[in-house]
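See below for the structure under consideration.
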Amino acid sequence: MSFHLTEFTTQESFVDAAVAKIVGILKENIQKKAWASLVLSGGNTPKLVYAKLAEVSDVDWSKVYLFFGDERYVPSNDQQSNFAMAQNYLLSKISVPEAHIFRVKTELSFEDCVLDYEQQIQQFFETHNHAVIQFDLVLLGLGEDGHIASLFPNTPALDEQKSLVSENVTTTLAVRERITLTYPALESAAKTLFLLTGSGKKAVLLQSGSTSDFKQYPAARILARDNVDVLGFFH
Ligand code: 6PG
């Protein structure tokens with residue numbers, strides 16, 4: 001099985017489709033089990049989607065639990081922080097209880113914030129899903145090098161097979177130290193939604209979708225799974 005790609009010719013239709021898909025999955029899970037878990041992606045692409053998501057009125061955010069696919073090791077109020085971006089475009093505009101937001105606590109040491117985030121996730125699923133780790137929806141972007149979250153090509157975090165969270169380091173981006181969900185966490189997703197914008201992303205998507213070399217193309221391992229949708233605005 002491999003991913004399903006839907007391409008859009010306008011940014012507006014891309015954003016509307018992304019919001020509709022996210023809202024649909026949240027509502028379906030809330031109806032089914034009274035709560036929903038959503039892993040937010042970082043970077044720039046999600047900003048417009050989050051802003052539109054904040055405007056929808058028919059999501060009961062009091063029943064949604066929010067996690068992060070990865071974080072840069074910067075203060076949570078730093079403009080490069082994925083939490084700060086989500087806070088600005090979404091979290092500050094919706095009535096989600098603070099206790100439902102699982103933030104990577106970058107005020108801790110690098111090692112401790114990885115351990116703390118892992119514990120937050122494990123404890124959540126201990127009490128909400130009989131210890132079964134399964135995110136209802138994971139949002140992901142895609143880097144032009146094929147990275148997802150902060151799983152960069154040929155980096156140690158790709159080899160993690162047990163922990164849900166790992167530290168990782170990139171040499172190609174401004175913030176080198178990263179905290180990221182690992183493959184075990186990302187592969188626990190009931191559904192995965194890639195949100196891609198930019199002319200360079202279609203080529204790396206197709207490359208990643210047609211190889212099994214996930215060391216070089218980390219997205220490959222996720223794109224090969226069931227229930228993976230990709231929404232693309234490649235202009
Ligand atoms: C981050 C993201 C990262 C992002 C891709 C794509 O921390 O930056 O988690 O994985 O999704 O780099 O970023 P854009 O959507 O901004 O192109």
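Lettering and numbering for the structure tokens are positional, with chains as A, B, ... in the shown order, residues counted from 1 in each chain, and ligands counted from 1 in the shown order.
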
Write out as a Markdown table the residues of chain A that have any atom within 6 Å of an atom of ligand 1, one row each with the nearest atom pair and its distance in Å to one decimal, counting only C-alpha atoms and all ligand atoms, sorted by chain and then rising number.
| residue | atom | partner | partner_atom_place_in_ligand_line | distance |
| --- | --- | --- | --- | --- |
| A:Ser41 | CA | ligand 1 | 9 (O) | 5.2 |
| A:Gly42 | CA | ligand 1 | 9 (O) | 3.9 |
| A:Gly43 | CA | ligand 1 | 8 (O) | 3.7 |
| A:Asn44 | CA | ligand 1 | 16 (O) | 3.5 |
| A:Thr45 | CA | ligand 1 | 15 (O) | 3.8 |
| A:Asp70 | CA | ligand 1 | 9 (O) | 5.4 |
| A:Glu71 | CA | ligand 1 | 7 (O) | 5.7 |
| A:Leu140 | CA | ligand 1 | 11 (O) | 5.7 |
| A:Gly141 | CA | ligand 1 | 11 (O) | 3.4 |
| A:Leu142 | CA | ligand 1 | 6 (C) | 4.4 |
| A:Gly143 | CA | ligand 1 | 12 (O) | 4.2 |
| A:Ile148 | CA | ligand 1 | 10 (O) | 4.4 |
| A:Ala149 | CA | ligand 1 | 10 (O) | 3.5 |
| A:Ser150 | CA | ligand 1 | 10 (O) | 5.4 |

Shell around A:Gln31 at 12 Å using only C-alpha atoms, local window under 5 positions removed, as a VMD selection string: chain A and resid 24 to 26 36 59 to 60 63 to 64

Include N, CA and C atoms and write out the residues we just selected as an mmCIF file, in the first residue's frame.
data_model
loop_
_atom_site.group_PDB
_atom_site.id
_atom_site.type_symbol
_atom_site.label_atom_id
_atom_site.label_comp_id
_atom_site.auth_asym_id
_atom_site.auth_seq_id
_atom_site.Cartn_x
_atom_site.Cartn_y
_atom_site.Cartn_z
ATOM 1 N N GLY A 24 -12.588 16.384 10.096
ATOM 2 C CA GLY A 24 -13.340 15.132 9.936
ATOM 3 C C GLY A 24 -12.796 14.016 10.801
ATOM 4 N N ILE A 25 -11.473 13.890 10.848
ATOM 5 C CA ILE A 25 -10.849 12.819 11.642
ATOM 6 C C ILE A 25 -11.011 13.092 13.137
ATOM 7 N N LEU A 26 -10.863 14.359 13.533
ATOM 8 C CA LEU A 26 -11.064 14.686 14.962
ATOM 9 C C LEU A 26 -12.496 14.356 15.395
ATOM 10 N N ALA A 36 -9.848 12.697 21.014
ATOM 11 C CA ALA A 36 -9.017 12.538 19.814
ATOM 12 C C ALA A 36 -7.616 13.056 20.106
ATOM 13 N N VAL A 59 -15.501 21.944 16.137
ATOM 14 C CA VAL A 59 -14.609 20.980 16.804
ATOM 15 C C VAL A 59 -14.684 21.248 18.314
ATOM 16 N N ASP A 60 -14.968 20.195 19.071
ATOM 17 C CA ASP A 60 -14.989 20.337 20.536
ATOM 18 C C ASP A 60 -13.552 20.159 21.033
ATOM 19 N N LYS A 63 -12.082 18.102 23.898
ATOM 20 C CA LYS A 63 -11.927 16.643 23.809
ATOM 21 C C LYS A 63 -10.725 16.242 22.935
ATOM 22 N N VAL A 64 -9.897 17.241 22.610
ATOM 23 C CA VAL A 64 -8.738 16.977 21.745
ATOM 24 C C VAL A 64 -7.448 17.117 22.552
#

Can I get the residues of stretch 134-156 of chain A within 9 Å of stretch 172-188 of chain A, each with the closest pair of atoms and their distance in Å to one decimal, using only C-alpha atoms, sorted chain first then ascending number, as a Markdown table?
| residue | atom | partner | partner_atom | distance |
| --- | --- | --- | --- | --- |
| A:Gln134 | CA | A:Ser188 | CA | 4.8 |
| A:Phe135 | CA | A:Ser188 | CA | 6.2 |
| A:Asp136 | CA | A:Ser188 | CA | 8.7 |
| A:Val138 | CA | A:Leu186 | CA | 7.2 |
| A:Ala149 | CA | A:Thr180 | CA | 6.2 |
| A:Ser150 | CA | A:Thr180 | CA | 5.3 |
| A:Leu151 | CA | A:Thr180 | CA | 6.9 |

Expected file contents, prior selection, all heavy atoms, as an mmCIF file, in the first residue's frame:
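Just written: selection-v5.cif:
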data_model
loop_
_atom_site.group_PDB
_atom_site.id
_atom_site.type_symbol
_atom_site.label_atom_id
_atom_site.label_comp_id
_atom_site.auth_asym_id
_atom_site.auth_seq_id
_atom_site.Cartn_x
_atom_site.Cartn_y
_atom_site.Cartn_z
ATOM 1 N N GLN A 134 -1.342 4.923 20.171
ATOM 2 C CA GLN A 134 -1.890 5.135 18.832
ATOM 3 C C GLN A 134 -2.414 6.567 18.711
ATOM 4 O O GLN A 134 -3.439 6.931 19.285
ATOM 5 C CB GLN A 134 -3.024 4.168 18.484
ATOM 6 C CG GLN A 134 -3.484 4.378 17.023
ATOM 7 C CD GLN A 134 -4.540 3.414 16.569
ATOM 8 O OE1 GLN A 134 -5.624 3.361 17.161
ATOM 9 N NE2 GLN A 134 -4.238 2.647 15.530
ATOM 10 N N PHE A 135 -1.686 7.377 17.950
ATOM 11 C CA PHE A 135 -2.163 8.724 17.661
ATOM 12 C C PHE A 135 -3.257 8.630 16.600
ATOM 13 O O PHE A 135 -3.098 7.909 15.608
ATOM 14 C CB PHE A 135 -1.018 9.588 17.126
ATOM 15 C CG PHE A 135 0.054 9.896 18.158
ATOM 16 C CD1 PHE A 135 1.308 9.293 18.074
ATOM 17 C CD2 PHE A 135 -0.192 10.777 19.198
ATOM 18 C CE1 PHE A 135 2.300 9.563 19.007
ATOM 19 C CE2 PHE A 135 0.797 11.059 20.135
ATOM 20 C CZ PHE A 135 2.032 10.447 20.047
ATOM 21 N N ASP A 136 -4.337 9.356 16.788
ATOM 22 C CA ASP A 136 -5.432 9.292 15.817
ATOM 23 C C ASP A 136 -5.023 9.920 14.480
ATOM 24 O O ASP A 136 -5.356 9.416 13.412
ATOM 25 C CB ASP A 136 -6.665 10.019 16.358
ATOM 26 C CG ASP A 136 -7.224 9.313 17.582
ATOM 27 O OD1 ASP A 136 -7.206 8.065 17.603
ATOM 28 O OD2 ASP A 136 -7.634 9.994 18.533
ATOM 29 N N VAL A 138 -1.558 12.023 12.674
ATOM 30 C CA VAL A 138 -0.243 12.667 12.701
ATOM 31 C C VAL A 138 -0.108 13.550 11.469
ATOM 32 O O VAL A 138 -0.303 13.077 10.336
ATOM 33 C CB VAL A 138 0.894 11.620 12.717
ATOM 34 C CG1 VAL A 138 2.263 12.290 12.530
ATOM 35 C CG2 VAL A 138 0.891 10.830 14.032
ATOM 36 N N ALA A 149 9.400 15.345 10.361
ATOM 37 C CA ALA A 149 9.632 15.781 11.745
ATOM 38 C C ALA A 149 11.088 16.234 11.827
ATOM 39 O O ALA A 149 11.533 17.030 11.007
ATOM 40 C CB ALA A 149 9.265 14.677 12.727
ATOM 41 N N SER A 150 11.864 15.676 12.783
ATOM 42 C CA SER A 150 13.312 15.957 12.749
ATOM 43 C C SER A 150 14.090 14.661 12.537
ATOM 44 O O SER A 150 15.164 14.433 13.111
ATOM 45 C CB SER A 150 13.747 16.672 14.038
ATOM 46 O OG SER A 150 13.347 18.034 14.003
ATOM 47 N N LEU A 151 13.501 13.798 11.710
ATOM 48 C CA LEU A 151 14.201 12.576 11.271
ATOM 49 C C LEU A 151 14.889 12.918 9.960
ATOM 50 O O LEU A 151 14.285 12.858 8.891
ATOM 51 C CB LEU A 151 13.207 11.420 11.105
ATOM 52 C CG LEU A 151 12.510 10.943 12.385
ATOM 53 C CD1 LEU A 151 11.486 9.867 12.044
ATOM 54 C CD2 LEU A 151 13.508 10.432 13.419
#

Helix (DSSP H, G or I) per DSSP on the backbone: members of stretch 52-234 of chain A, as a ChimeraX atom specification: /A:52-53,61-63,82-89,91-93,98-100,110-128,156-159,183-186,201-209,220-223

Backbone DSSP call of strand (DSSP E or B) for stretch 3-229 of chain A, listed as number ranges by chain: A: 4-7, 36-40, 64-68, 70-72, 101, 137-140, 148, 151, 165-169, 177-181, 191-197, 228-229

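Across the model, the gap from atom CA of A:Lys215 to atom CA of A:Gly146 is 9.7 Å.
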
Residue contacts of A:Leu139 (8 Å, only C-alpha atoms) excluding same-chain residues fewer than 3 positions away, as a ChimeraX atom specification: /A:38-41,69,192-195

Computed interatomic separation between atom CA of A:Glu107 and atom CA of A:Pro75 (Å): 6.3 Å

Contacts of A:Pro153 at 7 Å (only C-alpha atoms; same-chain gap of 5+ positions) as a list of chain:residue names: A:His147, A:Lys215, A:Gln216, A:Tyr217, A:Pro218

Just-selected residues, C-alpha atoms written as a CSV table (one decimal), in the first residue's frame:
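Wrote it out as part.csv, contents follow:
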chain,number,residue,atom,x,y,z
A,147,HIS,CA,13.2,14.5,6.2
A,215,LYS,CA,18.0,6.2,5.6
A,216,GLN,CA,18.4,8.6,2.7
A,217,TYR,CA,14.7,9.4,2.4
A,218,PRO,CA,13.2,9.2,5.9

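Nearest to A:Glu118 of all the residues A:Phe102, A:Phe83, A:Trp61, A:Tyr89 is A:Phe102, based on only C-alpha atoms.
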